[in-house]
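Worksheet for the structure shown next.
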Amino acid sequence: MNKLALILCAIVVWQIGVWVLAPARQPEAPKAPQGDGRAYGPNEKYLVEGRDKQRQSAINALDMPWGSRCSGDDRKQFISGLNEYYYHRNNQTKAYPENFGKAGADYITAQWSTADDRRIDRLTQDAYARGYLKPSDFRGGAEKLVATVVKNERITGKGCQG
């Protein structure tokens, strides 16, 4: 064997040895979002307006006559108004802490804790207890938040069942 082939063979053996014997790299632990100190992004003005519209839509749905909440287009309107509200509330409650850290979590918690929000939750609990809705009526993550809102309620009425 000539010297060049011997050197190349030594380099290949050395490289394989490094790969085999080197300690495995530990994956980096996911870091908690730190944010940049801001609690929200540049389009927050529009999201605040959207939250107001979603609240009004939910209140309109909850103000519908009890008898119209069980079938047809009125039923769709009732569930849709609440689904839209709880969908956005659920998504924002998850996204703000992910995007803006603790400042975002504190901010969005305050945004969804108004007197209207408490009223919507109370009326949702009442509609559930009377049998006019159930969490499985909702979609897109709204069902999880509705289930949380009504978790301590007991169904006492038959509402849409008879």
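Going through the structure tokens in order, the chains are called A, B, and so on, while each chain numbers its residues from 1 and the ligands are numbered from 1 in the order shown.
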Per residue of range 51-101 of chain A within 10 Å of range 122-133 of chain A, note the shortest atom pair and the distance in Å to one decimal, counting only C-alpha atoms, and order the rows by chain and increasing residue number, as a tab-separated table.
residue	atom	partner	partner_atom	distance
A:Ala58	CA	A:Thr124	CA	9.4
A:Ile59	CA	A:Leu123	CA	8.7
A:Leu62	CA	A:Leu123	CA	6.7
A:Asp63	CA	A:Leu123	CA	9.0
A:Trp66	CA	A:Tyr132	CA	8.1
A:Gly67	CA	A:Tyr132	CA	9.4
A:Arg69	CA	A:Tyr132	CA	6.8
A:Cys70	CA	A:Tyr132	CA	6.9
A:Arg75	CA	A:Tyr132	CA	9.5
A:Phe78	CA	A:Leu133	CA	9.4
A:Ile79	CA	A:Leu133	CA	7.9
A:Leu82	CA	A:Thr124	CA	8.4
Saved selection, atoms kept: all heavy atoms, as a short mmCIF file (atom, residue, chain, number, x, y, z; two decimals), in the first residue's frame:
data_model
loop_
_atom_site.label_atom_id
_atom_site.label_comp_id
_atom_site.auth_asym_id
_atom_site.auth_seq_id
_atom_site.Cartn_x
_atom_site.Cartn_y
_atom_site.Cartn_z
N ALA A 58 -73.01 36.52 21.20
CA ALA A 58 -73.35 35.52 22.22
C ALA A 58 -74.53 36.00 23.07
O ALA A 58 -75.45 35.22 23.37
CB ALA A 58 -72.14 35.24 23.11
N ILE A 59 -74.54 37.26 23.44
CA ILE A 59 -75.65 37.80 24.24
C ILE A 59 -76.95 37.75 23.44
O ILE A 59 -78.00 37.38 23.97
CB ILE A 59 -75.32 39.23 24.73
CG1 ILE A 59 -74.24 39.15 25.81
CG2 ILE A 59 -76.57 39.94 25.25
CD1 ILE A 59 -73.64 40.48 26.20
N LEU A 62 -78.17 34.25 23.49
CA LEU A 62 -78.70 33.88 24.80
C LEU A 62 -79.98 34.64 25.16
O LEU A 62 -80.70 34.23 26.07
CB LEU A 62 -77.63 34.10 25.88
CG LEU A 62 -76.47 33.09 25.80
CD1 LEU A 62 -75.26 33.61 26.56
CD2 LEU A 62 -76.92 31.73 26.31
N ASP A 63 -80.26 35.71 24.43
CA ASP A 63 -81.51 36.46 24.64
C ASP A 63 -82.66 35.92 23.79
O ASP A 63 -83.78 36.41 23.89
CB ASP A 63 -81.30 37.95 24.33
CG ASP A 63 -80.56 38.68 25.45
OD1 ASP A 63 -80.48 38.13 26.57
OD2 ASP A 63 -80.06 39.80 25.20
N TRP A 66 -86.73 31.01 24.73
CA TRP A 66 -86.40 29.63 25.06
C TRP A 66 -86.97 28.65 24.04
O TRP A 66 -86.31 27.71 23.63
CB TRP A 66 -86.89 29.28 26.46
CG TRP A 66 -86.15 29.98 27.54
CD1 TRP A 66 -86.57 31.09 28.23
CD2 TRP A 66 -84.87 29.67 28.06
NE1 TRP A 66 -85.62 31.48 29.14
CE2 TRP A 66 -84.56 30.61 29.06
CE3 TRP A 66 -83.93 28.68 27.78
CZ2 TRP A 66 -83.37 30.59 29.77
CZ3 TRP A 66 -82.75 28.66 28.50
CH2 TRP A 66 -82.47 29.61 29.48
N GLY A 67 -88.18 28.85 23.64
CA GLY A 67 -88.85 27.92 22.73
C GLY A 67 -88.24 27.86 21.34
O GLY A 67 -88.43 26.89 20.62
N ARG A 69 -85.00 27.87 20.64
CA ARG A 69 -83.61 27.41 20.70
C ARG A 69 -83.43 25.95 20.32
O ARG A 69 -82.31 25.45 20.32
CB ARG A 69 -83.06 27.59 22.12
CG ARG A 69 -83.00 29.02 22.56
CD ARG A 69 -82.47 29.13 23.96
NE ARG A 69 -82.44 30.51 24.41
CZ ARG A 69 -81.82 30.91 25.51
NH1 ARG A 69 -81.18 30.03 26.27
NH2 ARG A 69 -81.84 32.17 25.85
N CYS A 70 -84.51 25.26 19.97
CA CYS A 70 -84.41 23.81 19.82
C CYS A 70 -84.39 23.30 18.39
O CYS A 70 -83.98 22.16 18.17
CB CYS A 70 -85.55 23.13 20.58
SG CYS A 70 -85.37 23.34 22.36
N ARG A 75 -82.24 27.40 16.06
CA ARG A 75 -81.29 26.55 16.78
C ARG A 75 -79.87 26.78 16.26
O ARG A 75 -78.92 26.93 17.03
CB ARG A 75 -81.66 25.07 16.61
CG ARG A 75 -80.66 24.08 17.17
CD ARG A 75 -80.69 24.02 18.64
NE ARG A 75 -79.77 23.00 19.18
CZ ARG A 75 -79.49 22.90 20.43
NH1 ARG A 75 -80.04 23.70 21.31
NH2 ARG A 75 -78.65 21.98 20.85
N PHE A 78 -78.68 30.12 17.51
CA PHE A 78 -78.38 30.04 18.94
C PHE A 78 -77.00 29.41 19.17
O PHE A 78 -76.14 29.99 19.83
CB PHE A 78 -79.48 29.24 19.65
CG PHE A 78 -79.21 28.93 21.09
CD1 PHE A 78 -79.09 29.95 22.02
CD2 PHE A 78 -79.08 27.62 21.52
CE1 PHE A 78 -78.84 29.67 23.36
CE2 PHE A 78 -78.84 27.33 22.86
CZ PHE A 78 -78.72 28.35 23.78
N ILE A 79 -76.79 28.23 18.59
CA ILE A 79 -75.52 27.52 18.78
C ILE A 79 -74.37 28.28 18.11
O ILE A 79 -73.27 28.41 18.66
CB ILE A 79 -75.61 26.07 18.25
CG1 ILE A 79 -76.64 25.27 19.07
CG2 ILE A 79 -74.25 25.38 18.26
CD1 ILE A 79 -76.30 25.12 20.55
N LEU A 82 -73.07 31.30 20.16
CA LEU A 82 -72.26 30.88 21.30
C LEU A 82 -70.95 30.24 20.85
O LEU A 82 -69.90 30.45 21.47
CB LEU A 82 -73.04 29.91 22.18
CG LEU A 82 -74.17 30.52 22.99
CD1 LEU A 82 -74.93 29.44 23.74
CD2 LEU A 82 -73.64 31.56 23.95
#
List the spatial neighbours of His88 in chain A as a PDB file with N, CA, C and O atoms, in the first residue's frame - criterion: any atom at most 8 Å away, only C-alpha atoms, same-chain residues fewer than 3 positions off excluded.
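Dumped to selection.pdb:
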ATOM      1  N   ARG A  51     -63.683  41.029  19.770  1.00  0.00           N
ATOM      2  CA  ARG A  51     -64.188  40.484  21.034  1.00  0.00           C
ATOM      3  C   ARG A  51     -65.521  41.126  21.410  1.00  0.00           C
ATOM      4  O   ARG A  51     -66.441  40.444  21.872  1.00  0.00           O
ATOM      5  N   GLU A  84     -69.162  30.819  18.183  1.00  0.00           N
ATOM      6  CA  GLU A  84     -68.223  31.851  17.735  1.00  0.00           C
ATOM      7  C   GLU A  84     -67.531  32.502  18.939  1.00  0.00           C
ATOM      8  O   GLU A  84     -66.309  32.675  18.955  1.00  0.00           O
ATOM      9  N   TYR A  85     -68.304  32.833  19.932  1.00  0.00           N
ATOM     10  CA  TYR A  85     -67.764  33.470  21.136  1.00  0.00           C
ATOM     11  C   TYR A  85     -66.768  32.554  21.851  1.00  0.00           C
ATOM     12  O   TYR A  85     -65.627  32.937  22.113  1.00  0.00           O
ATOM     13  N   ASN A  91     -59.351  30.046  21.770  1.00  0.00           N
ATOM     14  CA  ASN A  91     -58.131  30.179  20.966  1.00  0.00           C
ATOM     15  C   ASN A  91     -57.227  31.293  21.474  1.00  0.00           C
ATOM     16  O   ASN A  91     -56.006  31.124  21.548  1.00  0.00           O
ATOM     17  N   GLN A  92     -57.806  32.433  21.815  1.00  0.00           N
ATOM     18  CA  GLN A  92     -56.986  33.540  22.288  1.00  0.00           C
ATOM     19  C   GLN A  92     -56.384  33.245  23.655  1.00  0.00           C
ATOM     20  O   GLN A  92     -55.243  33.622  23.937  1.00  0.00           O
ATOM     21  N   ALA A 142     -64.354  25.150  20.922  1.00  0.00           N
ATOM     22  CA  ALA A 142     -65.363  25.794  21.766  1.00  0.00           C
ATOM     23  C   ALA A 142     -65.974  24.789  22.734  1.00  0.00           C
ATOM     24  O   ALA A 142     -66.307  25.128  23.871  1.00  0.00           O
TER      25      ALA A 142
END
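For Asp52 in chain A, the residues within 12 Å (counting only C-alpha atoms, excluding itself and residues fewer than 3 positions away along the chain) are A:Lys45, A:Tyr46, A:Leu47, A:Val48, A:Glu49, A:Arg55, A:Gln56, A:Ser57, A:Ala58, A:Ile59, A:Glu84, A:Tyr85, A:His88, A:Arg89, A:Gln111, A:Trp112, A:Thr114, A:Asp116, A:Asp117.
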So which residues touch Ala103 in chain A within 7 Å, counting only C-alpha atoms, skipping near sequence neighbours fewer than 3 positions away, as a VMD selection string? chain A and resid 37 to 39 100 106 to 107
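What separates CA of Glu153 in chain A from CA of Gly72 in chain A is a distance of 26.3 Å.
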